[in-house]
>>> print(open('structure_38.txt').read())   # compact mmCIF, N, CA and C atoms and all ligand atoms
# COMPACT_ATOMS: atom_id res chain seq x y z
N MET A 29 -130.73 69.11 330.84
CA MET A 29 -129.61 69.57 331.66
C MET A 29 -128.74 70.54 330.87
N ASP A 30 -128.35 71.60 331.53
CA ASP A 30 -127.51 72.59 330.87
C ASP A 30 -126.04 72.20 330.96
N GLN A 31 -125.29 72.73 330.06
CA GLN A 31 -123.85 72.52 330.13
C GLN A 31 -123.16 73.81 329.71
N TRP A 32 -121.91 73.88 330.00
CA TRP A 32 -121.12 75.07 329.67
C TRP A 32 -119.98 74.63 328.77
N PRO A 33 -120.21 74.60 327.47
CA PRO A 33 -119.16 74.11 326.56
C PRO A 33 -117.91 74.97 326.66
N PRO A 34 -116.77 74.35 326.60
CA PRO A 34 -115.51 75.10 326.74
C PRO A 34 -115.14 75.83 325.46
N VAL A 35 -115.99 76.77 325.06
CA VAL A 35 -115.69 77.53 323.86
C VAL A 35 -114.63 78.59 324.13
N SER A 36 -114.22 78.71 325.38
CA SER A 36 -113.28 79.78 325.70
C SER A 36 -112.00 79.67 324.88
N ARG A 37 -111.63 78.46 324.51
CA ARG A 37 -110.43 78.33 323.68
C ARG A 37 -110.59 79.07 322.36
N LEU A 38 -111.82 79.09 321.88
CA LEU A 38 -112.08 79.75 320.61
C LEU A 38 -112.11 81.26 320.74
N VAL A 39 -112.73 81.75 321.79
CA VAL A 39 -112.96 83.18 321.86
C VAL A 39 -112.00 83.91 322.79
N ARG A 40 -111.11 83.22 323.44
CA ARG A 40 -110.17 83.92 324.31
C ARG A 40 -108.94 84.39 323.54
N ARG A 41 -108.80 84.00 322.34
CA ARG A 41 -107.61 84.40 321.59
C ARG A 41 -107.58 85.92 321.42
N GLU A 42 -106.42 86.41 321.15
CA GLU A 42 -106.25 87.83 320.93
C GLU A 42 -106.75 88.13 319.53
N ILE A 43 -107.71 89.02 319.42
CA ILE A 43 -108.43 89.06 318.16
C ILE A 43 -108.28 90.36 317.39
N VAL A 44 -107.59 91.32 317.89
CA VAL A 44 -107.52 92.57 317.14
C VAL A 44 -106.09 92.98 316.85
N GLU A 45 -105.16 92.19 317.31
CA GLU A 45 -103.78 92.55 317.11
C GLU A 45 -103.48 92.79 315.63
N TYR A 46 -102.89 93.93 315.31
CA TYR A 46 -102.50 94.29 313.94
C TYR A 46 -103.69 94.43 313.00
N SER A 47 -104.86 94.61 313.54
CA SER A 47 -106.03 94.75 312.69
C SER A 47 -106.97 95.76 313.29
N TYR A 48 -107.61 96.54 312.46
CA TYR A 48 -108.54 97.54 312.98
C TYR A 48 -109.94 96.98 313.12
N TYR A 49 -110.14 95.75 312.69
CA TYR A 49 -111.48 95.18 312.76
C TYR A 49 -111.35 93.68 312.90
N SER A 50 -112.13 93.12 313.81
CA SER A 50 -112.07 91.68 314.03
C SER A 50 -113.47 91.14 314.23
N GLU A 51 -113.71 89.99 313.65
CA GLU A 51 -115.03 89.39 313.77
C GLU A 51 -114.88 87.90 313.95
N ILE A 52 -115.48 87.38 315.00
CA ILE A 52 -115.52 85.93 315.24
C ILE A 52 -116.96 85.49 315.03
N GLN A 53 -117.15 84.50 314.20
CA GLN A 53 -118.50 84.01 313.91
C GLN A 53 -118.68 82.64 314.55
N LEU A 54 -119.79 82.47 315.27
CA LEU A 54 -120.08 81.19 315.91
C LEU A 54 -121.48 80.75 315.49
N ASP A 55 -121.60 79.50 315.06
CA ASP A 55 -122.91 78.93 314.73
C ASP A 55 -123.50 78.29 315.98
N LEU A 56 -124.52 78.90 316.53
CA LEU A 56 -125.12 78.38 317.76
C LEU A 56 -126.29 77.45 317.48
N GLY A 57 -126.86 77.56 316.32
CA GLY A 57 -127.99 76.70 315.97
C GLY A 57 -129.20 76.88 316.88
N GLY A 58 -129.31 78.04 317.49
CA GLY A 58 -130.45 78.30 318.36
C GLY A 58 -130.43 77.52 319.66
N ALA A 59 -129.30 76.88 319.97
CA ALA A 59 -129.25 75.97 321.12
C ALA A 59 -128.75 76.64 322.39
N CYS A 60 -128.36 77.90 322.31
CA CYS A 60 -127.75 78.55 323.47
C CYS A 60 -128.64 79.68 323.99
N THR A 61 -128.43 80.02 325.23
CA THR A 61 -129.27 81.04 325.85
C THR A 61 -128.49 82.25 326.34
N ARG A 62 -127.19 82.08 326.55
CA ARG A 62 -126.47 83.17 327.21
C ARG A 62 -125.00 83.16 326.80
N PHE A 63 -124.48 84.36 326.53
CA PHE A 63 -123.05 84.53 326.27
C PHE A 63 -122.50 85.47 327.32
N GLN A 64 -121.40 85.07 327.92
CA GLN A 64 -120.77 85.90 328.94
C GLN A 64 -119.28 86.00 328.65
N SER A 65 -118.73 87.17 328.80
CA SER A 65 -117.29 87.34 328.61
C SER A 65 -116.85 88.68 329.20
N ASP A 66 -115.61 88.73 329.61
CA ASP A 66 -115.00 90.02 329.88
C ASP A 66 -114.46 90.55 328.56
N ALA A 67 -114.48 91.86 328.40
CA ALA A 67 -114.00 92.50 327.19
C ALA A 67 -113.13 93.68 327.57
N GLY A 68 -111.92 93.72 326.99
CA GLY A 68 -111.05 94.83 327.34
C GLY A 68 -109.80 94.87 326.49
N VAL A 69 -109.04 95.94 326.65
CA VAL A 69 -107.77 96.09 325.96
C VAL A 69 -106.72 95.26 326.70
N ASP A 70 -105.91 94.54 325.94
CA ASP A 70 -104.92 93.66 326.54
C ASP A 70 -103.90 94.45 327.35
N ASP A 71 -103.46 93.84 328.45
CA ASP A 71 -102.49 94.49 329.34
C ASP A 71 -101.13 94.70 328.68
N GLU A 72 -100.86 93.97 327.60
CA GLU A 72 -99.50 94.03 327.06
C GLU A 72 -99.25 95.30 326.22
N VAL A 73 -100.28 96.06 325.92
CA VAL A 73 -100.08 97.31 325.21
C VAL A 73 -100.22 98.49 326.17
N THR A 74 -99.69 99.63 325.76
CA THR A 74 -99.74 100.80 326.63
C THR A 74 -100.81 101.79 326.19
N GLY A 75 -101.37 101.57 325.00
CA GLY A 75 -102.42 102.47 324.51
C GLY A 75 -103.53 101.63 323.92
N GLY A 76 -104.08 102.14 322.83
CA GLY A 76 -105.14 101.40 322.16
C GLY A 76 -106.51 101.86 322.59
N SER A 77 -107.47 101.67 321.70
CA SER A 77 -108.86 102.03 321.98
C SER A 77 -109.71 101.17 321.07
N VAL A 78 -110.65 100.48 321.65
CA VAL A 78 -111.47 99.54 320.88
C VAL A 78 -112.91 99.59 321.38
N ARG A 79 -113.78 99.05 320.55
CA ARG A 79 -115.18 98.92 320.94
C ARG A 79 -115.64 97.50 320.61
N PHE A 80 -116.33 96.90 321.54
CA PHE A 80 -116.79 95.51 321.40
C PHE A 80 -118.28 95.49 321.09
N ARG A 81 -118.65 94.54 320.24
CA ARG A 81 -120.07 94.35 319.93
C ARG A 81 -120.40 92.87 319.87
N VAL A 82 -121.62 92.56 320.26
CA VAL A 82 -122.14 91.20 320.10
C VAL A 82 -123.39 91.29 319.25
N LEU A 83 -123.38 90.60 318.10
CA LEU A 83 -124.53 90.59 317.21
C LEU A 83 -125.10 89.18 317.14
N GLY A 84 -126.43 89.10 317.20
CA GLY A 84 -127.12 87.83 317.03
C GLY A 84 -128.03 87.91 315.84
N ASP A 85 -127.76 87.10 314.82
CA ASP A 85 -128.54 87.12 313.58
C ASP A 85 -128.67 88.54 313.04
N GLY A 86 -127.59 89.28 313.12
CA GLY A 86 -127.54 90.62 312.55
C GLY A 86 -128.08 91.71 313.44
N VAL A 87 -128.56 91.36 314.61
CA VAL A 87 -129.13 92.35 315.53
C VAL A 87 -128.12 92.64 316.63
N MET A 88 -127.93 93.92 316.93
CA MET A 88 -127.01 94.29 318.01
C MET A 88 -127.58 93.88 319.35
N LEU A 89 -126.85 93.01 320.06
CA LEU A 89 -127.32 92.54 321.35
C LEU A 89 -126.59 93.21 322.51
N TRP A 90 -125.36 93.63 322.25
CA TRP A 90 -124.57 94.26 323.30
C TRP A 90 -123.47 95.08 322.65
N GLN A 91 -123.18 96.23 323.25
CA GLN A 91 -122.10 97.06 322.73
C GLN A 91 -121.41 97.75 323.90
N SER A 92 -120.10 97.75 323.87
CA SER A 92 -119.35 98.47 324.90
C SER A 92 -119.17 99.91 324.45
N PRO A 93 -118.87 100.81 325.40
CA PRO A 93 -118.34 102.11 324.98
C PRO A 93 -116.93 101.88 324.44
N VAL A 94 -116.31 102.92 323.91
CA VAL A 94 -114.91 102.80 323.51
C VAL A 94 -114.07 102.59 324.77
N LEU A 95 -113.32 101.50 324.77
CA LEU A 95 -112.46 101.17 325.90
C LEU A 95 -111.01 101.46 325.54
N THR A 96 -110.28 102.01 326.49
CA THR A 96 -108.86 102.28 326.28
C THR A 96 -108.04 101.43 327.25
N ARG A 97 -106.74 101.53 327.12
CA ARG A 97 -105.87 100.70 327.96
C ARG A 97 -106.14 100.91 329.46
N PRO A 98 -106.35 102.15 329.93
CA PRO A 98 -106.61 102.30 331.36
C PRO A 98 -108.01 101.85 331.78
N SER A 99 -108.91 101.65 330.83
CA SER A 99 -110.28 101.28 331.19
C SER A 99 -110.30 99.91 331.84
N ALA A 100 -111.15 99.76 332.82
CA ALA A 100 -111.40 98.43 333.35
C ALA A 100 -112.13 97.62 332.29
N SER A 101 -111.89 96.32 332.29
CA SER A 101 -112.63 95.49 331.35
C SER A 101 -114.11 95.50 331.75
N LEU A 102 -114.95 95.26 330.76
CA LEU A 102 -116.39 95.20 331.00
C LEU A 102 -116.85 93.75 330.90
N ARG A 103 -117.95 93.47 331.55
CA ARG A 103 -118.54 92.15 331.50
C ARG A 103 -119.72 92.18 330.54
N ALA A 104 -119.61 91.39 329.48
CA ALA A 104 -120.77 91.20 328.60
C ALA A 104 -121.58 90.03 329.15
N ASP A 105 -122.86 90.24 329.28
CA ASP A 105 -123.76 89.18 329.74
C ASP A 105 -125.00 89.29 328.87
N VAL A 106 -125.07 88.45 327.84
CA VAL A 106 -125.99 88.68 326.74
C VAL A 106 -126.95 87.50 326.57
N ASN A 107 -128.21 87.81 326.45
CA ASN A 107 -129.22 86.79 326.15
C ASN A 107 -129.12 86.44 324.67
N VAL A 108 -128.80 85.20 324.36
CA VAL A 108 -128.67 84.77 322.96
C VAL A 108 -129.69 83.69 322.62
N THR A 109 -130.77 83.68 323.36
CA THR A 109 -131.80 82.67 323.14
C THR A 109 -132.29 82.69 321.69
N GLY A 110 -132.25 81.55 321.04
CA GLY A 110 -132.75 81.42 319.68
C GLY A 110 -131.81 81.89 318.59
N VAL A 111 -130.65 82.42 318.97
CA VAL A 111 -129.72 82.96 317.97
C VAL A 111 -129.03 81.83 317.22
N ASP A 112 -128.98 81.96 315.91
CA ASP A 112 -128.22 81.01 315.09
C ASP A 112 -126.79 81.51 314.85
N ASP A 113 -126.70 82.74 314.42
CA ASP A 113 -125.42 83.31 313.98
C ASP A 113 -124.96 84.35 315.00
N LEU A 114 -123.96 83.98 315.80
CA LEU A 114 -123.44 84.91 316.81
C LEU A 114 -122.13 85.49 316.31
N ARG A 115 -122.00 86.78 316.37
CA ARG A 115 -120.76 87.43 315.94
C ARG A 115 -120.21 88.31 317.05
N LEU A 116 -118.94 88.10 317.32
CA LEU A 116 -118.21 88.90 318.31
C LEU A 116 -117.29 89.82 317.54
N ILE A 117 -117.57 91.09 317.62
CA ILE A 117 -116.91 92.07 316.77
C ILE A 117 -116.12 93.07 317.61
N VAL A 118 -114.94 93.40 317.15
CA VAL A 118 -114.17 94.48 317.76
C VAL A 118 -113.79 95.44 316.65
N ASP A 119 -114.02 96.73 316.88
CA ASP A 119 -113.55 97.72 315.91
C ASP A 119 -112.52 98.64 316.56
N ASP A 120 -112.09 99.64 315.80
CA ASP A 120 -110.94 100.44 316.23
C ASP A 120 -111.32 101.58 317.17
N GLY A 121 -112.57 101.66 317.56
CA GLY A 121 -113.00 102.73 318.45
C GLY A 121 -113.09 104.07 317.76
N GLY A 122 -112.95 104.09 316.44
CA GLY A 122 -113.13 105.31 315.68
C GLY A 122 -111.89 106.17 315.52
N ASP A 123 -110.73 105.67 315.99
CA ASP A 123 -109.53 106.52 315.94
C ASP A 123 -108.31 105.79 315.37
N GLY A 124 -108.56 104.80 314.54
CA GLY A 124 -107.44 104.06 313.98
C GLY A 124 -107.06 102.88 314.86
N ASN A 125 -106.12 102.07 314.35
CA ASN A 125 -105.89 100.77 314.99
C ASN A 125 -104.60 100.70 315.81
N GLY A 126 -104.00 101.85 316.10
CA GLY A 126 -102.75 101.82 316.87
C GLY A 126 -102.92 101.14 318.22
N GLN A 127 -102.15 100.10 318.45
CA GLN A 127 -102.13 99.35 319.71
C GLN A 127 -103.50 98.76 320.06
N ASP A 128 -104.35 98.59 319.09
CA ASP A 128 -105.67 98.03 319.37
C ASP A 128 -105.57 96.52 319.54
N HIS A 129 -105.21 96.13 320.70
CA HIS A 129 -105.02 94.71 321.02
C HIS A 129 -106.09 94.35 322.04
N ALA A 130 -107.17 93.73 321.56
CA ALA A 130 -108.35 93.51 322.39
C ALA A 130 -108.52 92.04 322.74
N ASP A 131 -109.13 91.79 323.87
CA ASP A 131 -109.37 90.41 324.30
C ASP A 131 -110.83 90.21 324.72
N TRP A 132 -111.40 89.12 324.22
CA TRP A 132 -112.58 88.55 324.86
C TRP A 132 -112.02 87.52 325.84
N ALA A 133 -112.16 87.74 327.10
CA ALA A 133 -111.49 86.87 328.08
C ALA A 133 -112.50 86.10 328.91
N GLY A 134 -112.23 84.85 329.10
CA GLY A 134 -113.10 84.01 329.92
C GLY A 134 -114.49 83.88 329.35
N ALA A 135 -114.59 83.76 328.04
CA ALA A 135 -115.89 83.72 327.39
C ALA A 135 -116.58 82.36 327.57
N TRP A 136 -117.87 82.42 327.77
CA TRP A 136 -118.65 81.21 327.92
C TRP A 136 -119.97 81.33 327.18
N LEU A 137 -120.42 80.19 326.66
CA LEU A 137 -121.77 80.09 326.13
C LEU A 137 -122.55 79.11 326.98
N HIS A 138 -123.76 79.50 327.32
CA HIS A 138 -124.64 78.63 328.11
C HIS A 138 -125.63 78.01 327.14
N CYS A 139 -125.51 76.70 326.92
CA CYS A 139 -126.30 76.03 325.90
C CYS A 139 -127.06 74.84 326.48
N ALA A 140 -128.21 74.57 325.88
CA ALA A 140 -128.97 73.40 326.28
C ALA A 140 -128.24 72.14 325.86
N ALA A 141 -128.35 71.12 326.66
CA ALA A 141 -127.69 69.85 326.33
C ALA A 141 -128.40 69.19 325.15
CA CA A 201 -108.27 102.48 318.21
>>> encode(input="structure_38.txt", output="structure tokens")
Amino acid sequence: MDQWPPVSRLVRREIVEYSYYSEIQLDLGGACTRFQSDAGVDDEVTGGSVRFRVLGDGVMLWQSPVLTRPSASLRADVNVTGVDDLRLIVDDGGDGNGQDHADWAGAWLHCAA
């Protein structure tokens, strides 16, 4: 039976505030099959530009274009089958870290029970 662990508390936090680079590492132990999350610039800033990446065991699984404050958030829907080391990365979008306040929002991992 599948379950949806409430990891959202871990990955919904604001992760790029005051930093040009952010990385969240999750040990999945190969037990999960899918990662889903919205990714976007937080509404509380007026500018900012960031890029989101999902890496599984060092391999790029998903990457957003550079998102800015007016951009709609994107939905990451990533196959993480067999992945041990999942990393959720946000960088500065290549133009510095001014107002780079990014959110992984409503994130979920789909894992085997
Ligand atoms: Ca930026």
>>> closest_atom_pairs(input="structure_38.txt", of="chain A", to="ligand CA 201 (chain A)", cutoff="6 Å", atoms="all atoms listed in the file", output="tab-separated table")
residue	atom	partner	partner_atom	distance
A:Gly76	C	A:CA201	CA	4.8
A:Ser77	C	A:CA201	CA	3.5
A:Val78	N	A:CA201	CA	4.6
A:Asp119	C	A:CA201	CA	6.0
A:Asp120	C	A:CA201	CA	3.3
A:Gly121	N	A:CA201	CA	4.4
A:Gly122	N	A:CA201	CA	5.3
A:Asp123	C	A:CA201	CA	4.4
A:Gly124	C	A:CA201	CA	3.6
A:Asn125	CA	A:CA201	CA	4.4
A:Gly126	N	A:CA201	CA	4.8
A:Asp128	CA	A:CA201	CA	5.3
>>> atom_distance(input="structure_38.txt", atom1="atom C of Gln53 in chain A", atom2="atom N of Thr74 in chain A")
27.8 Å
>>> closest_residue(input="structure_38.txt", among="A:Ser92, A:Ser50, A:Asn107, A:Ser65", to="Phe80 in chain A", atoms="only C-alpha atoms")
A:Ser92
>>> closest_residue(input="structure_38.txt", among="A:Asp55, A:Tyr49, A:Arg62, A:Met88", to="Cys139 in chain A", atoms="all atoms listed in the file")
A:Arg62
>>> residues_around(input="structure_38.txt", residues="Leu114 in chain A", least_positions_apart="4", cutoff="6.5 Å", atoms="all atoms listed in the file", output="PDB file with N, CA and C atoms, in the coordinates of the input")
ATOM      1  N   ILE A  52    -115.480  87.380 315.000  1.00  0.00           N
ATOM      2  CA  ILE A  52    -115.520  85.930 315.240  1.00  0.00           C
ATOM      3  C   ILE A  52    -116.960  85.490 315.030  1.00  0.00           C
ATOM      4  N   GLN A  53    -117.150  84.500 314.200  1.00  0.00           N
ATOM      5  CA  GLN A  53    -118.500  84.010 313.910  1.00  0.00           C
ATOM      6  C   GLN A  53    -118.680  82.640 314.550  1.00  0.00           C
ATOM      7  N   LEU A  54    -119.790  82.470 315.270  1.00  0.00           N
ATOM      8  CA  LEU A  54    -120.080  81.190 315.910  1.00  0.00           C
ATOM      9  C   LEU A  54    -121.480  80.750 315.490  1.00  0.00           C
ATOM     10  N   ASP A  55    -121.600  79.500 315.060  1.00  0.00           N
ATOM     11  CA  ASP A  55    -122.910  78.930 314.730  1.00  0.00           C
ATOM     12  C   ASP A  55    -123.500  78.290 315.980  1.00  0.00           C
ATOM     13  N   LEU A  56    -124.520  78.900 316.530  1.00  0.00           N
ATOM     14  CA  LEU A  56    -125.120  78.380 317.760  1.00  0.00           C
ATOM     15  C   LEU A  56    -126.290  77.450 317.480  1.00  0.00           C
ATOM     16  N   LEU A  83    -123.380  90.600 318.100  1.00  0.00           N
ATOM     17  CA  LEU A  83    -124.530  90.590 317.210  1.00  0.00           C
ATOM     18  C   LEU A  83    -125.100  89.180 317.140  1.00  0.00           C
ATOM     19  N   GLY A  84    -126.430  89.100 317.200  1.00  0.00           N
ATOM     20  CA  GLY A  84    -127.120  87.830 317.030  1.00  0.00           C
ATOM     21  C   GLY A  84    -128.030  87.910 315.840  1.00  0.00           C
ATOM     22  N   ASP A  85    -127.760  87.100 314.820  1.00  0.00           N
ATOM     23  CA  ASP A  85    -128.540  87.120 313.580  1.00  0.00           C
ATOM     24  C   ASP A  85    -128.670  88.540 313.040  1.00  0.00           C
TER      25      ASP A  85
END
>>> select_by_dssp(input="structure_38.txt", residues="chain A", states="strand (DSSP E or B)", output="ChimeraX atom specification")
/A:30-31,42,50-55,60-69,77-84,87-91,95-96,102-107,113-119,130-140
>>> closest_residue(input="structure_38.txt", among="A:Gly75, A:Leu89, A:Arg81, A:Arg103", to="Arg115 in chain A", atoms="only N, CA and C atoms")
A:Arg81
>>> residues_near_point(input="structure_38.txt", point="(-123.1, 85.1, 323.7)", cutoff="7 Å", atoms="only N, CA and C atoms", output="PyMOL selection string")
chain A and resi 61-64+105-108+114+136-138
>>> atom_distance(input="structure_38.txt", atom1="atom N of Val111 in chain A", atom2="CA of Asp131 in chain A")
23.3 Å
>>> atom_distance(input="structure_38.txt", atom1="CA of Cys60 in chain A", atom2="atom N of Pro93 in chain A")
24.0 Å
>>> axis_aligned_box(input="structure_38.txt", around="range 108-123 of chain A", padding_each_side="4 Å", output="lines of an AutoDock Vina configuration file")
center_x = -120.5
center_y = 93.8
center_z = 319.2
size_x = 32.4
size_y = 33.5
size_z = 18.4
>>> closest_residue(input="structure_38.txt", among="A:Ala130, A:Gly58, A:Ala140, A:Glu51", to="Asp113 in chain A", atoms="only C-alpha atoms")
A:Gly58
